[in-house]
Each structure stands twice: as structure tokens, then as C-alpha cells.
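S.K.: model.pdb is the file, holding PDB, C-alpha atoms, pLDDT in the B column:
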```pdb
ATOM      1  CA  MET A   1     -36.587 -11.222  83.733  1.00 87.00           C
ATOM      2  CA  LEU A   2     -33.403 -11.218  81.646  1.00 91.00           C
ATOM      3  CA  ILE A   3     -30.391 -13.232  82.803  1.00 93.00           C
ATOM      4  CA  VAL A   4     -26.995 -11.801  81.794  1.00 93.00           C
ATOM      5  CA  HIS A   5     -23.757 -13.748  82.287  1.00 95.00           C
ATOM      6  CA  CYS A   6     -20.476 -12.210  81.072  1.00 93.00           C
ATOM      7  CA  ARG A   7     -16.977 -13.627  81.424  1.00 93.00           C
ATOM      8  CA  SER A   8     -13.449 -13.576  80.070  1.00 89.00           C
ATOM      9  CA  GLY A   9     -10.572 -16.017  80.350  1.00 85.00           C
ATOM     10  CA  ASP A  10      -9.601 -14.350  83.636  1.00 84.00           C
ATOM     11  CA  ASP A  11     -12.863 -13.035  85.078  1.00 88.00           C
ATOM     12  CA  ASP A  12     -16.357 -14.436  85.504  1.00 93.00           C
ATOM     13  CA  LEU A  13     -18.845 -11.705  86.361  1.00 92.00           C
ATOM     14  CA  GLY A  14     -21.480 -14.283  87.325  1.00 94.00           C
ATOM     15  CA  ALA A  15     -25.103 -14.481  86.286  1.00 95.00           C
ATOM     16  CA  HIS A  16     -27.229 -11.408  86.967  1.00 93.00           C
ATOM     17  CA  CYS A  17     -31.014 -11.160  86.789  1.00 93.00           C
ATOM     18  CA  THR A  18     -32.183  -7.821  85.453  1.00 89.00           C
ATOM     19  CA  GLU A  19     -35.600  -6.393  84.796  1.00 84.00           C
ATOM     20  CA  ILE A  20     -36.549  -5.877  81.168  1.00 76.00           C
ATOM     21  CA  GLY A  21     -35.771  -2.249  80.311  1.00 75.00           C
ATOM     22  CA  SER A  22     -33.026  -1.896  82.935  1.00 81.00           C
ATOM     23  CA  GLU A  23     -29.269  -1.654  82.452  1.00 80.00           C
ATOM     24  CA  PHE A  24     -26.460  -4.008  83.392  1.00 84.00           C
ATOM     25  CA  ARG A  25     -23.072  -2.267  83.563  1.00 80.00           C
ATOM     26  CA  TRP A  26     -19.541  -3.462  84.142  1.00 80.00           C
ATOM     27  CA  SER A  27     -16.024  -2.277  83.447  1.00 77.00           C
ATOM     28  CA  PHE A  28     -12.564  -3.816  83.156  1.00 77.00           C
ATOM     29  CA  LYS A  29      -9.037  -3.068  82.047  1.00 75.00           C
ATOM     30  CA  SER A  30      -7.632  -4.773  78.974  1.00 75.00           C
ATOM     31  CA  ASN A  31      -4.564  -6.909  79.596  1.00 74.00           C
ATOM     32  CA  ALA A  32      -1.070  -5.702  78.677  1.00 72.00           C
ATOM     33  CA  MET A  33      -1.032  -7.729  75.450  1.00 73.00           C
ATOM     34  CA  ALA A  34      -4.414  -6.331  74.345  1.00 73.00           C
ATOM     35  CA  THR A  35      -5.857  -9.844  73.980  1.00 79.00           C
ATOM     36  CA  THR A  36      -8.756  -9.452  76.415  1.00 82.00           C
ATOM     37  CA  LEU A  37     -11.932 -11.174  75.231  1.00 85.00           C
ATOM     38  CA  PHE A  38     -15.284 -10.901  77.017  1.00 88.00           C
ATOM     39  CA  TRP A  39     -18.329 -12.865  75.923  1.00 90.00           C
ATOM     40  CA  CYS A  40     -21.846 -12.748  77.289  1.00 92.00           C
ATOM     41  CA  SER A  41     -24.823 -15.079  77.345  1.00 94.00           C
ATOM     42  CA  LEU A  42     -28.376 -13.779  77.619  1.00 93.00           C
ATOM     43  CA  ALA A  43     -31.462 -15.761  78.550  1.00 93.00           C
ATOM     44  CA  VAL A  44     -35.126 -14.855  78.781  1.00 91.00           C
ATOM     45  CA  GLU A  45     -37.899 -17.447  78.995  1.00 89.00           C
ATOM     46  CA  ASP A  46     -37.108 -20.065  76.318  1.00 90.00           C
ATOM     47  CA  LYS A  47     -34.675 -17.892  74.333  1.00 93.00           C
ATOM     48  CA  ARG A  48     -30.869 -17.746  74.467  1.00 94.00           C
ATOM     49  CA  LEU A  49     -28.300 -15.516  72.811  1.00 94.00           C
ATOM     50  CA  SER A  50     -24.494 -15.450  73.132  1.00 92.00           C
ATOM     51  CA  PHE A  51     -22.072 -12.880  71.760  1.00 89.00           C
ATOM     52  CA  VAL A  52     -18.565 -11.484  72.048  1.00 87.00           C
ATOM     53  CA  ALA A  53     -18.918  -8.198  73.927  1.00 86.00           C
ATOM     54  CA  TYR A  54     -15.277  -7.149  73.733  1.00 84.00           C
ATOM     55  CA  GLY A  55     -12.382  -8.410  71.630  1.00 81.00           C
ATOM     56  CA  ASP A  56     -10.843  -8.343  68.182  1.00 71.00           C
ATOM     57  CA  GLU A  57     -14.089  -9.209  66.402  1.00 67.00           C
ATOM     58  CA  VAL A  58     -16.050  -6.369  68.043  1.00 68.00           C
ATOM     59  CA  PRO A  59     -15.804  -2.875  66.563  1.00 64.00           C
ATOM     60  CA  TYR A  60     -14.281  -0.559  69.177  1.00 64.00           C
ATOM     61  CA  PHE A  61     -17.189   1.834  68.904  1.00 70.00           C
ATOM     62  CA  PHE A  62     -19.741  -0.633  70.327  1.00 77.00           C
ATOM     63  CA  GLU A  63     -19.756   0.231  74.003  1.00 75.00           C
ATOM     64  CA  HIS A  64     -23.468  -0.310  74.532  1.00 84.00           C
ATOM     65  CA  TRP A  65     -25.708  -3.225  73.600  1.00 85.00           C
ATOM     66  CA  ASN A  66     -29.496  -3.204  73.316  1.00 88.00           C
ATOM     67  CA  VAL A  67     -31.616  -6.329  73.542  1.00 89.00           C
ATOM     68  CA  TYR A  68     -35.006  -6.474  71.832  1.00 88.00           C
ATOM     69  CA  ASP A  69     -37.553  -9.148  70.964  1.00 87.00           C
ATOM     70  CA  GLY A  70     -35.838  -9.431  67.574  1.00 88.00           C
ATOM     71  CA  GLY A  71     -32.326  -9.914  68.952  1.00 90.00           C
ATOM     72  CA  LEU A  72     -29.170  -8.058  69.941  1.00 90.00           C
ATOM     73  CA  TYR A  73     -28.041  -4.689  68.586  1.00 90.00           C
ATOM     74  CA  GLY A  74     -24.736  -2.895  69.102  1.00 87.00           C
ATOM     75  CA  LYS A  75     -25.065   0.845  69.589  1.00 86.00           C
ATOM     76  CA  ASP A  76     -22.465   2.883  67.733  1.00 84.00           C
ATOM     77  CA  ALA A  77     -20.941   5.394  70.165  1.00 82.00           C
ATOM     78  CA  ARG A  78     -20.021   7.693  67.290  1.00 85.00           C
ATOM     79  CA  ASP A  79     -23.504   8.440  65.964  1.00 88.00           C
ATOM     80  CA  GLY A  80     -26.005   6.516  68.132  1.00 86.00           C
ATOM     81  CA  SER A  81     -27.107   4.199  65.312  1.00 89.00           C
ATOM     82  CA  GLU A  82     -27.779   0.528  66.018  1.00 90.00           C
ATOM     83  CA  ARG A  83     -26.453  -2.502  64.134  1.00 89.00           C
ATOM     84  CA  PHE A  84     -28.043  -5.938  64.313  1.00 91.00           C
ATOM     85  CA  MET A  85     -25.585  -8.375  65.939  1.00 88.00           C
ATOM     86  CA  GLY A  86     -27.543 -11.593  66.499  1.00 90.00           C
ATOM     87  CA  ALA A  87     -30.903 -13.295  66.819  1.00 92.00           C
ATOM     88  CA  TRP A  88     -32.403 -15.212  69.708  1.00 93.00           C
ATOM     89  CA  ARG A  89     -32.334 -19.010  69.604  1.00 92.00           C
ATOM     90  CA  ARG A  90     -35.292 -20.868  71.026  1.00 91.00           C
ATOM     91  CA  ILE A  91     -34.517 -23.831  73.209  1.00 85.00           C
ATOM     92  CA  TRP A  92     -36.779 -26.648  74.170  1.00 76.00           C
ATOM     93  CA  LEU A  93     -37.684 -26.677  77.854  1.00 66.00           C
ATOM     94  CA  PRO A  94     -39.413 -29.742  79.291  1.00 66.00           C
TER
END
```
Now that the file is in, can you turn its structure into C-alpha cells?
M.R.:
Amino acid sequence: MLIVHCRSGDDDLGAHCTEIGSEFRWSFKSNAMATTLFWCSLAVEDKRLSFVAYGDEVPYFFEHWNVYDGGLYGKDARDGSERFMGAWRRIWLP
């Protein structure tokens, strides 16, 4: 089970449990000043990963993210290629 939690300064989409291999989709409208920033946290077993899903530091062509054992990849909407965006961090669980 993969836990996905995405939020912005104005909206919290809440935590969602998804099956491995399934999709989690959401949409929004950018604010009038074009300063909208969405970040997401992912968790599976003892691994965590956080990333900015939408904002100035995200290339506009990443509209789809893929999560693998090796980490997070942004999928380029222009040509379908994937770019590594971050690795999992292991956390200690008692």
C-alpha cells in the first residue's frame, strides 16, 4: 500500500491509500498570481519521499509522476521519457 498526501498553502487533499500499480489523480486551478505550489509526501513500509509536484521549481511538462523501488520519476509529457526526481529515504520504525 502506498500512502499519498498532497497539499498547497490553500488546499490539503488529505492522505490517500492506493494500491501499488494504481493511479492517484487530482486537479486544481493556479491562483491569479501564478504562485500556486503543491507538494506531496509518499510513504510505503519504512520508506518516505517528499517532492514539489507543481510550482516554479517543477518543469511545466511534468504532469505525471511514476514511483518505483528506486525512487520518483517525472514523466515528460512532450516525449514520454522519464527523469529521476528523488530517492526514497528509509526511516526507523520501532
S.K.: Which residues match the PyMOL selection byres ((chain A and resi 62) around 10) in the file above, as a list in words?
M.R.: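 So the PyMOL selection byres ((chain A and resi 62) around 10), applied here, picks out Ala53, Tyr54, Val58, Pro59, Tyr60, Phe61, Glu63, His64, Trp65, Tyr73, Gly74, Lys75, Asp76, Ala77, Arg78, Gly80, Glu82 and Arg83 of chain A.
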S.K.: Using all atoms listed in the file, can you tell me which of A:Lys47, A:Asp56, A:Met85, A:Ala15 comes closest to Ala34 in chain A?
M.R.: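 Of the candidates, the smallest distance to Ala34 in chain A is held by A:Asp56.
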S.K.: Counting all atoms listed in the file, figure out which residue out of A:Val67, A:Leu37, A:Ala43, A:Ala32 gets nearest to Cys17 in chain A.
M.R.: A:Ala43
S.K.: Find the residue from A:Met1, A:Ile91, A:Met33, A:Cys6 that sits nearest to Asp46 in chain A; use all atoms listed in the file when measuring.
M.R.: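 Among A:Met1, A:Ile91, A:Met33, A:Cys6, it is A:Ile91 that comes nearest to Asp46 in chain A.
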S.K.: Which residue, A:Asp69, A:Gly9, A:Phe51, A:Glu45, has the smallest gap to Gly21 in chain A when you use all atoms listed in the file?
M.R.: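 Ranked by minimum distance to Gly21 in chain A, first place goes to A:Asp69.
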S.K.: Between CA of Thr36 in chain A and CA of Ser8 in chain A, what is the distance, to one decimal in Å?
M.R.: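 Pair CA of Thr36 in chain A / CA of Ser8 in chain A returns 7.2 Å.
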S.K.: Spell out the residues picked by the PyMOL selection byres ((chain A and resi 48) around 12) here, as a VMD selection string.
M.R.: chain A and resid 2 to 5 40 to 47 49 to 51 67 69 to 72 86 to 93
S.K.: State, in Å with one decimal place, the distance from CA of Asp10 in chain A to CA of Tyr68 in chain A.
M.R.: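 CA of Tyr68 in chain A lies 29.1 Å from CA of Asp10 in chain A.
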S.K.: So that all listed atoms of range 19-30 of chain A fit with 5 Å spare on each side, what axis-aligned box centre and edge lengths in Å, to one decimal, would you give as AutoDock Vina command-line options?
M.R.:
```
--center_x -22.1 --center_y -4.0 --center_z 81.9 --size_x 38.9 --size_y 14.7 --size_z 15.8
```
S.K.: One number please: CA of Phe84 in chain A to CA of Asp11 in chain A, in Å, one decimal.
M.R.: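 Pair CA of Phe84 in chain A / CA of Asp11 in chain A returns 26.7 Å.
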S.K.: Under the rule that only C-alpha atoms are counted, which of A:Gly14, A:Ser81, A:Gly55, A:Asn66 is the nearest residue to Thr35 in chain A?
M.R.: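 Smallest separation from Thr35 in chain A among the options: A:Gly55.
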